[in-house]
Every structure is written in C-alpha cells, then in structure tokens.
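Student: Sharing upload_8.txt, compact mmCIF, C-alpha atoms:
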```
# COMPACT_ATOMS: atom_id res chain seq x y z
CA MET A 1 -50.82 1.34 39.48
CA THR A 2 -49.40 3.85 36.99
CA ASN A 3 -48.23 2.43 33.68
CA ASN A 4 -44.80 3.96 33.14
CA LYS A 5 -44.13 2.34 29.78
CA ALA A 6 -42.48 5.43 28.23
CA LEU A 7 -40.39 6.06 31.34
CA THR A 8 -39.10 2.49 31.36
CA GLU A 9 -38.34 2.55 27.66
CA ALA A 10 -36.57 5.93 27.87
CA ARG A 11 -34.36 4.72 30.71
CA SER A 12 -33.24 1.77 28.59
CA LEU A 13 -32.06 3.91 25.68
CA GLU A 14 -28.36 3.92 24.87
CA LEU A 15 -27.19 7.53 24.60
CA PRO A 16 -24.87 8.75 21.85
CA SER A 17 -21.24 8.97 22.94
CA ARG A 18 -19.82 12.26 24.15
CA GLN A 19 -17.35 12.18 21.26
CA ALA A 20 -20.11 11.74 18.69
CA SER A 21 -22.05 14.59 20.29
CA LEU A 22 -19.07 16.95 20.28
CA HIS A 23 -18.50 16.19 16.59
CA ARG A 24 -22.21 16.77 15.89
CA GLU A 25 -22.51 13.48 14.04
CA LYS A 26 -25.82 13.05 12.20
CA SER A 27 -26.63 9.98 14.26
CA VAL A 28 -26.74 12.13 17.40
CA SER A 29 -29.39 14.50 16.10
CA ALA A 30 -31.30 11.50 14.74
CA PHE A 31 -31.26 9.88 18.19
CA TRP A 32 -32.82 12.89 19.89
CA ASN A 33 -35.34 13.60 17.14
CA ASN A 34 -36.43 9.97 16.79
CA ASN A 35 -36.98 9.72 20.54
CA ARG A 36 -38.43 13.18 21.18
CA ILE A 37 -42.03 12.06 21.75
CA LEU A 38 -40.93 9.14 23.88
CA LEU A 39 -38.78 11.39 26.07
CA GLU A 40 -41.55 13.96 26.49
CA GLN A 41 -43.92 11.20 27.58
CA ALA A 42 -41.26 9.86 29.95
CA TRP A 43 -40.89 13.23 31.68
CA THR A 44 -44.66 13.42 32.12
CA GLU A 45 -44.72 9.94 33.64
CA TRP A 46 -41.75 10.87 35.86
CA GLU A 47 -43.70 13.79 37.29
CA VAL A 48 -46.72 11.60 38.00
CA GLU A 49 -44.55 8.89 39.55
CA ASN A 50 -42.95 11.42 41.92
CA LYS A 51 -45.91 13.74 42.51
CA GLU A 52 -46.01 13.04 46.26
CA ASN A 53 -42.44 14.19 46.92
CA LEU A 54 -41.48 16.34 43.95
CA LEU A 55 -41.47 20.14 44.03
CA ILE A 56 -43.70 21.90 41.54
CA PRO A 57 -41.44 24.82 40.59
CA ASP A 58 -43.21 28.16 40.32
CA GLU A 59 -42.53 31.85 40.82
CA THR A 60 -42.74 31.58 44.62
CA LEU A 61 -39.13 30.35 44.34
CA LEU A 62 -38.13 33.84 43.25
CA ASP A 63 -37.15 36.81 45.39
CA PRO A 64 -40.28 38.33 47.02
CA HIS A 65 -39.27 41.93 46.25
CA LEU A 66 -38.81 41.09 42.58
CA ARG A 67 -42.08 39.16 42.47
CA LYS A 68 -43.98 42.06 44.03
CA ALA A 69 -42.53 44.64 41.61
CA ILE A 70 -43.13 42.40 38.59
CA LYS A 71 -46.72 41.68 39.61
CA SER A 72 -47.37 45.39 40.07
CA ALA A 73 -45.90 46.24 36.66
CA TRP A 74 -48.04 43.65 34.90
CA GLU A 75 -51.11 45.13 36.56
CA ASN A 76 -50.00 48.70 35.79
CA PRO A 77 -47.00 49.09 33.43
CA ASP A 78 -46.52 52.68 34.61
CA LYS A 79 -45.08 51.16 37.80
CA GLU A 80 -42.22 49.51 35.89
CA VAL A 81 -39.76 51.95 37.47
CA ASP A 82 -40.06 49.88 40.67
CA VAL A 83 -38.73 46.91 38.70
CA ALA A 84 -35.88 48.96 37.21
CA ASN A 85 -34.88 50.20 40.66
CA LEU A 86 -34.19 46.63 41.83
CA TRP A 87 -31.44 46.17 39.23
CA GLU A 88 -27.97 47.57 39.92
CA GLU A 89 -25.99 48.70 36.90
CA ILE A 90 -22.54 47.11 36.59
CA ILE A 91 -21.67 48.77 33.28
CA PRO A 92 -23.94 50.03 30.48
CA GLY A 93 -25.91 47.05 29.24
CA VAL A 94 -25.19 44.88 32.30
CA TYR A 95 -27.36 44.76 35.44
CA SER A 96 -27.65 42.59 38.54
CA THR A 97 -30.31 41.79 41.15
CA GLN A 98 -31.44 39.13 43.62
CA PHE A 99 -33.51 36.73 41.50
CA PHE A 100 -34.12 33.57 43.54
CA ASP A 101 -35.29 33.60 47.15
CA VAL A 102 -32.25 32.26 49.01
CA GLU A 103 -34.58 30.57 51.50
CA ARG A 104 -36.09 28.45 48.68
CA LEU A 105 -32.93 27.61 46.75
CA ALA A 106 -32.42 24.31 48.55
CA GLU A 107 -35.83 23.11 47.39
CA PHE A 108 -35.08 24.03 43.81
CA ARG A 109 -31.69 22.34 43.91
CA GLU A 110 -33.32 19.18 45.29
CA TYR A 111 -35.64 19.29 42.31
CA LEU A 112 -32.72 19.59 39.89
CA GLU A 113 -30.95 16.73 41.67
CA ALA A 114 -34.06 14.61 41.10
CA VAL A 115 -33.89 15.59 37.43
CA ALA A 116 -30.22 14.58 37.28
CA THR A 117 -30.91 11.17 38.82
CA SER A 118 -34.09 10.48 36.86
CA GLN A 119 -32.21 8.25 34.40
CA ILE A 120 -34.09 9.92 31.55
CA PRO A 121 -31.68 10.81 28.73
CA LYS A 122 -30.85 14.53 28.70
CA ARG A 123 -28.75 16.46 26.22
CA ALA A 124 -25.88 18.50 27.64
CA PRO A 125 -25.04 21.90 26.05
CA TYR A 126 -22.32 20.58 23.74
CA GLY A 127 -22.17 23.81 21.74
CA ILE A 128 -20.15 25.51 24.49
CA GLN A 129 -17.23 24.51 26.68
CA LEU A 130 -19.51 23.69 29.61
CA ASN A 131 -20.66 20.42 28.17
CA ARG A 132 -20.73 17.74 30.86
CA TYR A 133 -23.09 18.59 33.70
CA GLY A 134 -25.63 20.90 32.11
CA VAL A 135 -28.98 20.22 30.46
CA MET A 136 -30.95 21.97 27.74
CA LEU A 137 -34.06 23.75 29.04
CA ASP A 138 -35.90 24.98 25.94
CA PRO A 139 -38.29 22.86 23.81
CA ARG A 140 -36.47 23.93 20.62
CA SER A 141 -33.43 22.02 21.88
CA GLU A 142 -32.92 18.30 21.37
CA GLY A 143 -33.10 16.25 24.58
CA HIS A 144 -34.43 19.15 26.66
CA LEU A 145 -35.90 18.95 30.17
CA ALA A 146 -39.49 18.37 29.06
CA ALA A 147 -41.09 17.88 32.49
CA PRO A 148 -44.41 19.80 32.14
CA ASN A 149 -44.19 21.55 35.52
CA PHE A 150 -40.64 22.69 34.84
CA GLN A 151 -41.60 23.95 31.39
CA ALA A 152 -44.43 26.01 32.90
CA PHE A 153 -41.93 27.57 35.34
CA TYR A 154 -39.34 28.17 32.60
CA ASN A 155 -41.89 29.88 30.33
CA ASP A 156 -43.13 31.98 33.24
CA ILE A 157 -39.59 33.26 33.87
CA MET A 158 -39.17 34.08 30.18
CA ASP A 159 -42.57 35.67 29.59
CA ARG A 160 -43.31 37.44 32.86
CA TYR A 161 -39.81 38.27 34.10
CA MET A 162 -36.94 38.20 31.63
CA ARG A 163 -38.56 39.65 28.52
CA PRO A 164 -40.12 42.79 30.07
CA VAL A 165 -36.98 43.42 32.16
CA ALA A 166 -34.78 43.10 29.06
CA ARG A 167 -37.04 45.51 27.20
CA LEU A 168 -36.98 47.93 30.11
CA LEU A 169 -33.23 47.92 30.80
CA LEU A 170 -31.71 46.86 27.49
CA GLY A 171 -34.19 47.95 24.83
CA THR A 172 -34.57 44.52 23.22
CA TYR A 173 -38.15 45.01 22.00
CA GLY A 174 -38.54 43.40 18.58
CA TYR A 175 -35.63 41.01 19.15
CA ASP A 176 -37.06 38.91 21.97
CA THR A 177 -39.77 36.68 20.54
CA GLN A 178 -37.73 33.46 20.78
CA THR A 179 -36.22 31.75 23.81
CA PHE A 180 -33.29 29.48 24.63
CA GLY A 181 -31.90 28.11 27.88
CA PHE A 182 -29.50 25.68 29.52
CA SER A 183 -27.91 24.92 32.87
CA ILE A 184 -24.16 24.89 33.50
CA GLN A 185 -21.72 23.86 36.18
CA TYR A 186 -18.14 25.05 36.64
CA ASN A 187 -15.64 22.64 38.24
CA PRO A 188 -11.89 22.95 38.96
CA ASP A 189 -11.10 19.73 37.08
CA LYS A 190 -13.50 20.02 34.12
CA ASP A 191 -15.33 22.90 32.46
CA LYS A 192 -13.56 25.39 34.68
CA ASP A 193 -13.72 28.62 32.69
CA LEU A 194 -15.06 30.34 29.59
CA GLN A 195 -12.92 32.38 27.23
CA PRO A 196 -13.86 35.95 26.13
CA HIS A 197 -16.93 35.87 23.90
CA THR A 198 -20.26 37.47 23.10
CA ASP A 199 -23.60 35.66 23.06
CA ALA A 200 -25.82 34.95 20.06
CA SER A 201 -28.64 36.67 21.93
CA ALA A 202 -30.33 40.01 22.27
CA ALA A 203 -30.34 39.50 26.03
CA THR A 204 -28.80 36.95 28.39
CA LEU A 205 -30.06 36.21 31.90
CA ASN A 206 -27.47 34.33 33.97
CA VAL A 207 -28.72 33.17 37.38
CA ASN A 208 -26.58 31.59 40.09
CA ILE A 209 -28.27 28.73 41.97
CA ASN A 210 -25.55 27.92 44.50
CA LEU A 211 -26.72 27.46 48.06
CA PRO A 212 -25.32 29.91 50.67
CA ASP A 213 -23.03 27.21 52.10
CA GLU A 214 -21.77 26.12 48.65
CA GLU A 215 -18.75 28.36 48.51
CA PHE A 216 -16.36 28.55 45.60
CA THR A 217 -13.23 30.52 44.78
CA GLY A 218 -12.32 31.98 41.43
CA SER A 219 -14.90 31.95 38.61
CA GLN A 220 -15.14 35.76 38.51
CA VAL A 221 -16.88 37.17 35.44
CA ASP A 222 -15.29 39.98 33.45
CA PHE A 223 -17.44 42.37 31.41
CA PHE A 224 -15.82 44.68 28.90
CA ASP A 225 -17.18 48.24 28.96
CA LYS A 226 -17.11 49.49 25.38
CA THR A 227 -17.76 53.07 26.49
CA THR A 228 -14.64 53.33 28.67
CA GLY A 229 -12.49 50.49 27.32
CA LYS A 230 -12.20 49.08 30.84
CA THR A 231 -12.97 45.60 32.15
CA VAL A 232 -15.24 45.32 35.18
CA GLN A 233 -15.16 42.17 37.31
CA THR A 234 -18.08 40.71 39.23
CA ILE A 235 -18.70 37.60 41.35
CA PHE A 236 -21.92 35.58 41.43
CA GLU A 237 -23.68 35.19 44.78
CA PRO A 238 -26.43 32.68 45.69
CA GLY A 239 -29.64 33.45 43.84
CA LYS A 240 -28.18 36.53 42.13
CA ALA A 241 -28.83 37.20 38.45
CA ILE A 242 -27.01 39.23 35.84
CA ILE A 243 -28.87 40.38 32.75
CA HIS A 244 -26.90 41.80 29.87
CA ARG A 245 -26.98 42.48 26.16
CA GLY A 246 -25.66 39.55 24.23
CA ASN A 247 -23.11 41.72 22.42
CA VAL A 248 -21.33 42.77 25.62
CA PRO A 249 -17.97 40.89 25.64
CA HIS A 250 -17.48 38.79 28.76
CA ALA A 251 -15.35 35.94 30.09
CA THR A 252 -15.23 33.65 33.11
CA HIS A 253 -12.05 33.12 35.14
CA SER A 254 -11.02 29.61 36.12
CA ILE A 255 -12.77 28.24 39.17
CA ILE A 256 -10.20 27.26 41.81
CA SER A 257 -12.30 25.36 44.34
CA GLY A 258 -15.89 24.32 44.83
CA GLN A 259 -18.56 24.40 42.12
CA ARG A 260 -20.64 27.14 40.52
CA ASN A 261 -24.11 26.25 39.23
CA ASN A 262 -26.05 28.58 36.96
CA LEU A 263 -29.12 28.77 34.76
CA VAL A 264 -28.57 30.67 31.52
CA MET A 265 -31.45 31.99 29.40
CA TRP A 266 -31.39 33.88 26.12
CA LEU A 267 -33.85 35.97 24.15
CA TYR A 268 -33.51 36.71 20.46
CA GLY A 269 -35.72 37.48 17.48
CA ASP A 270 -37.28 35.23 14.86
CA ARG A 271 -34.72 33.15 12.99
CA MET A 272 -32.14 34.13 15.64
CA GLN A 273 -32.07 37.82 14.77
CA VAL A 274 -30.26 40.07 17.25
CA PRO A 275 -29.80 43.87 17.34
CA ARG A 276 -26.87 45.22 15.35
CA GLY A 277 -24.79 48.33 15.75
CA ASN A 278 -23.57 50.36 18.69
CA THR A 279 -24.88 49.42 22.12
CA SER A 280 -25.66 53.09 22.81
CA SER A 281 -28.80 52.66 20.73
CA TYR A 282 -30.34 50.88 23.71
CA GLY A 283 -30.43 53.94 25.94
CA ASN A 284 -28.44 55.74 28.58
CA SER A 285 -26.57 54.10 31.40
CA ASN A 286 -28.72 54.40 34.50
CA SER A 287 -32.08 52.68 34.83
CA SER A 288 -34.32 55.75 35.02
CA GLU A 289 -32.68 57.41 32.02
CA THR A 290 -32.83 54.15 30.09
CA THR A 291 -36.54 53.87 30.78
CA ASP A 292 -37.16 57.43 29.61
CA ASN A 293 -35.11 56.95 26.45
CA ILE A 294 -36.79 53.66 25.46
CA SER A 295 -40.26 55.00 26.18
CA LYS A 296 -39.83 57.48 23.31
CA GLU A 297 -39.88 54.51 20.94
CA ILE A 298 -42.33 52.13 22.63
CA THR A 299 -44.79 52.48 25.48
CA ALA A 300 -44.67 50.82 28.87
CA ARG A 301 -47.73 48.82 27.86
CA GLU A 302 -45.84 47.46 24.84
CA ARG A 303 -42.98 46.37 27.07
CA TRP A 304 -45.32 44.46 29.37
CA ASN A 305 -46.92 42.03 26.95
CA ILE A 306 -46.25 38.54 25.64
CA PRO A 307 -45.52 38.19 21.90
CA THR A 308 -47.98 36.18 19.84
CA THR A 309 -45.31 35.18 17.34
CA PRO A 310 -45.16 31.39 16.92
CA LYS A 311 -42.10 29.66 18.35
CA ASP A 312 -39.63 28.71 15.62
CA THR A 313 -37.07 25.89 15.62
CA PHE A 314 -33.88 27.91 15.35
CA ALA A 315 -31.47 27.29 18.22
CA PRO A 316 -27.89 28.55 18.66
CA PHE A 317 -26.58 25.07 19.54
```
Could I get this structure in the form of structure tokens?

Tutor:
Amino acid sequence: MTNNKALTEARSLELPSRQASLHREKSVSAFWNNNRILLEQAWTEWEVENKENLLIPDETLLDPHLRKAIKSAWENPDKEVDVANLWEEIIPGVYSTQFFDVERLAEFREYLEAVATSQIPKRAPYGIQLNRYGVMLDPRSEGHLAAPNFQAFYNDIMDRYMRPVARLLLGTYGYDTQTFGFSIQYNPDKDKDLQPHTDASAATLNVNINLPDEEFTGSQVDFFDKTTGKTVQTIFEPGKAIIHRGNVPHATHSIISGQRNNLVMWLYGDRMQVPRGNTSSYGNSNSSETTDNISKEITARERWNIPTTPKDTFAPF
C-alpha cells in the first residue's frame, strides 16, 4: 500500500484567508513557501494514487494539424512557414488558431476537475481580478500545480510550441527565456470581466478550454489596433488560442451567461524584461512578411531552440 503521508498532511493544512491573500499579507507568502516541498511531494503522491484512472496530459491533446506543423519545424526550421500559415491575424501582433483537439478536450477537463477536487492547497491568481477559480501553473509561483505529469506537459507547451511561435509571429527572441502561467474562469456572478490593460509579458498565449456544449454569452475580447486606432472584437471558441504581444491593449466584456475557462501563459525575459518601444519593430502584419522581416535579424534555427538560461524566481504576481 502506498504511503501518502505528504498528501494527507497537505490536505489537513489550513489555507490563508482570501482577504489575507488579496492584501498580500506576509503570512500568506510564508504559508506557501514553508509548505512548498510538502505540496510538491503531495502532488507526486496524488499522481501515484490516481495512476490507474488519471490522464497523463501530453501533446496528443493538441490539434493534430498544429502538432504536425510544429514537429516538422523542429526537424527542419525552414518549414516554419507551415506553422505560421495556421495562425490567422486578427490585428498586427495578435493571432489565432485551433490549439487543443476538440475531441480530447473532455479528457483534459476531467483531469483539471480531478485537480480541483484533489483537496491539495492551490494558490489562485490573486494578482488579477480573476482570483477565485484559477490556479497558478508555473513553478516560480507559490502554490502552483506541481503534479509532475502536468509540469512536463506545461513545459512542453512553453518550449516546443509557444516560444518558437511567439518568435516567429511576434519577434520576441531575447525576451522569452522565462515562463509564467495560470488558469482562469469567467462567471456572470463573480470575476465576470477584465478592464482594459496590457500584460507584463513579451507574449501571451490565451487558450480556451470550454467544451463544445459549454456555451456562454458575452465575454468578447477587444484588442486595440495601435496602427489604425480601431478596436477589433473577437470571441473565444472551444480549443482556440490567441497569441499576442503583451503590450497590445485588450479588455474582456462581461460574461452574461455560462462560464468561460481559459489557460493563460506568458513569456518574458530574465528579471521580467519585456520589449520596449513601438510594436512595429516586431515585423509587418501578415505572417509571411513577418517571417521574412524577423529572419533578417535571427535565423530560423535560432527561433527553433530552447534557451539554456536558468529559470529565475521573478513572477508578475
């Protein structure tokens, strides 16, 4: 019989109050830091305890067309144009594509439901409005989802998918060594919108994980086009992702009915450095022109590699 000592102890912990967390009281950070090793051990034991019926998340959850193009580009970076062609430009610096395989979303959501009901303390993303139902995903965050299999999946998305795509479409090379991530949920009664803002990132990948039958109304996302001065509105669909430069202003309308569930991942440089200046420095508007423009500064081979820079401990919130 498995000895789940850490799991039992973690489940008995008394979490800091929501009020204390929102006020960033020192005791809150102390709670997460003092229990970090215990919680990491608990997540490992949780995986072992549920190994017979728990999904091991991996890239087969992702859209097959995206997986094929990404695999080809890693084998031969000169084929990266096939990756670029999968992303539709919304405005300069903002692109969308099918990211998750809709047929596999139910499995992934079941996994996340198991995470939610694990009774292991998890830290919600208190640094933003959406601070009740989400969880931190990155190891640099206190109380993150430290399940080893999930972390392998999360790092795979960052290293093999998000970073090279951001370099290809947004020109983030040099400002993408560090990672950050969290999940969010929009509800009509709580955490229903997000005011106009920019992100503290070089690139943001926002992925909807609603199932096809989980409909919602409202919750449109506005992106402000600095080149035209116009606002362009888009709506998330199941498994769809939007990748954009962090400095593109955007806002979320109030959700009217249903729920919207998303994973949000950021890339930025060491010590939270992000590109400065006009967004036009990233390249032209359409994907092929962007690729040509960026390639004058770095090669395709440089885009398709994983940085060796050590992970630091700087996190936006």

Student: What is the distance between CA of Trp304 (chain A) and CA of Asn85 (chain A), in Å to one decimal?

Tutor: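 These two atoms are separated by 16.4 Å.
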
Student: With distances taken over all atoms listed in the file, which residue among A:Thr172, A:Ser118, A:Gln151, A:Gln178 lies nearest Lys311 (chain A)?

Tutor: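 Nearest to Lys311 (chain A): A:Gln178.
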
Student: Quick one: residues within 10 Å of Asp189 (chain A), all atoms listed in the file, excluding same-chain residues fewer than 4 positions away - as a PDB file with C-alpha atoms, in the coordinates of the input?

Tutor:
```pdb
ATOM      1  CA  SER A 254     -11.020  29.610  36.120  1.00  0.00           C
ATOM      2  CA  ILE A 255     -12.770  28.240  39.170  1.00  0.00           C
ATOM      3  CA  ILE A 256     -10.200  27.260  41.810  1.00  0.00           C
ATOM      4  CA  SER A 257     -12.300  25.360  44.340  1.00  0.00           C
TER       5      SER A 257
END
```

Student: Which residues of region 42-138 of chain A have any atom within 10 Å of an atom in region 6-12 of chain A when counting all atoms listed in the file, and what is the closest pair of atoms for each, with the distance in Å to one decimal? Order the rows by chain and rising number and write it as CSV.

Tutor:
```
residue,atom,partner,partner_atom,distance
A:Ala42,CA,A:Leu7,CA,4.1
A:Trp43,CA,A:Leu7,CA,7.2
A:Thr44,CA,A:Leu7,CA,8.5
A:Glu45,CA,A:Leu7,CA,6.3
A:Trp46,CA,A:Leu7,CA,6.7
A:Glu49,CA,A:Leu7,CA,9.6
A:Ser118,CA,A:Arg11,CA,8.4
A:Gln119,CA,A:Arg11,CA,5.5
A:Ile120,CA,A:Arg11,CA,5.3
A:Pro121,CA,A:Arg11,CA,6.9
```

Student: Kindly give the distance, in Å, that separates CA of Leu55 (chain A) and CA of Glu110 (chain A), rounded to a single decimal.

Tutor: 8.3 Å

Student: Residues near Leu267 (chain A), anyone? I mean within 8 Å using all atoms listed in the file, not counting same-chain ones fewer than 3 positions away, as a list in words.

Tutor: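 Answer for this query is Arg163, Tyr175, Asp176, Thr177, Gln178, Thr179, Phe180, Ser201, Ala202, Ala203 and Thr204 of chain A.
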
Student: Please identify all polymer residues within 9 Å of Ala241 (chain A), counting only C-alpha atoms, omitting same-chain residues fewer than 2 positions from it, and present them as a JSON list (two decimals) with C-alpha atoms, in the coordinates of the input.

Tutor:
```json
[["chain", "number", "residue", "atom", "x", "y", "z"],
["A", 95, "TYR", "CA", -27.36, 44.76, 35.44],
["A", 96, "SER", "CA", -27.65, 42.59, 38.54],
["A", 97, "THR", "CA", -30.31, 41.79, 41.15],
["A", 98, "GLN", "CA", -31.44, 39.13, 43.62],
["A", 99, "PHE", "CA", -33.51, 36.73, 41.50],
["A", 100, "PHE", "CA", -34.12, 33.57, 43.54],
["A", 205, "LEU", "CA", -30.06, 36.21, 31.90],
["A", 206, "ASN", "CA", -27.47, 34.33, 33.97],
["A", 207, "VAL", "CA", -28.72, 33.17, 37.38],
["A", 208, "ASN", "CA", -26.58, 31.59, 40.09],
["A", 236, "PHE", "CA", -21.92, 35.58, 41.43],
["A", 237, "GLU", "CA", -23.68, 35.19, 44.78],
["A", 238, "PRO", "CA", -26.43, 32.68, 45.69],
["A", 239, "GLY", "CA", -29.64, 33.45, 43.84],
["A", 243, "ILE", "CA", -28.87, 40.38, 32.75]]
```

Student: Do a neighbour search on Ala315 (chain A) at 8 Å with only C-alpha atoms, toss out local chain neighbours closer than 4 positions, and write the hits as a VMD selection string.

Tutor: chain A and resid 140 to 141 180 272

Student: With only C-alpha atoms as the atoms that count, which of A:Thr309, A:Asn33, A:Asn3, A:Thr252 lies nearest to His144 (chain A)?

Tutor: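 For His144 (chain A), the nearest of the candidates is A:Asn33.
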
Student: With distances taken over all atoms listed in the file, which residue among A:Pro164, A:Pro307, A:Gly174, A:Pro64 lies nearest Glu80 (chain A)?

Tutor: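 Closest candidate: A:Pro164.
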
Student: For Asn34 (chain A), which of A:Val115, A:Gly143, A:Tyr133, A:Ile306 is the closest residue, counting all atoms listed in the file?

Tutor: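 Using all atoms listed in the file, Asn34 (chain A) sits closest to A:Gly143.
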
Student: Expressed in Å to a single decimal, how great is the separation between CA of Phe224 (chain A) and CA of His244 (chain A)?

Tutor: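 So the two atoms, CA of Phe224 (chain A) and CA of His244 (chain A), lie 11.5 Å apart.
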
Student: So, counting all atoms listed in the file, which residue among A:Ile157, A:Ala147, A:Leu170, A:Ile90 is closest to Asp222 (chain A)?

Tutor: A:Ile90

Student: Using only C-alpha atoms for the distances, tell me which of A:Glu107, A:Ala166, A:Leu263, A:Trp87 is nearest to Gln185 (chain A).

Tutor: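 Nearest to Gln185 (chain A): A:Leu263.
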
Student: Applying 8 Å and all atoms listed in the file, which residues near Gly93 (chain A) remain after dropping the ones on its own chain fewer than 2 positions away? List them as a VMD selection string.

Tutor: chain A and resid 89 91 95 169 to 170 244 to 245 248 279 285
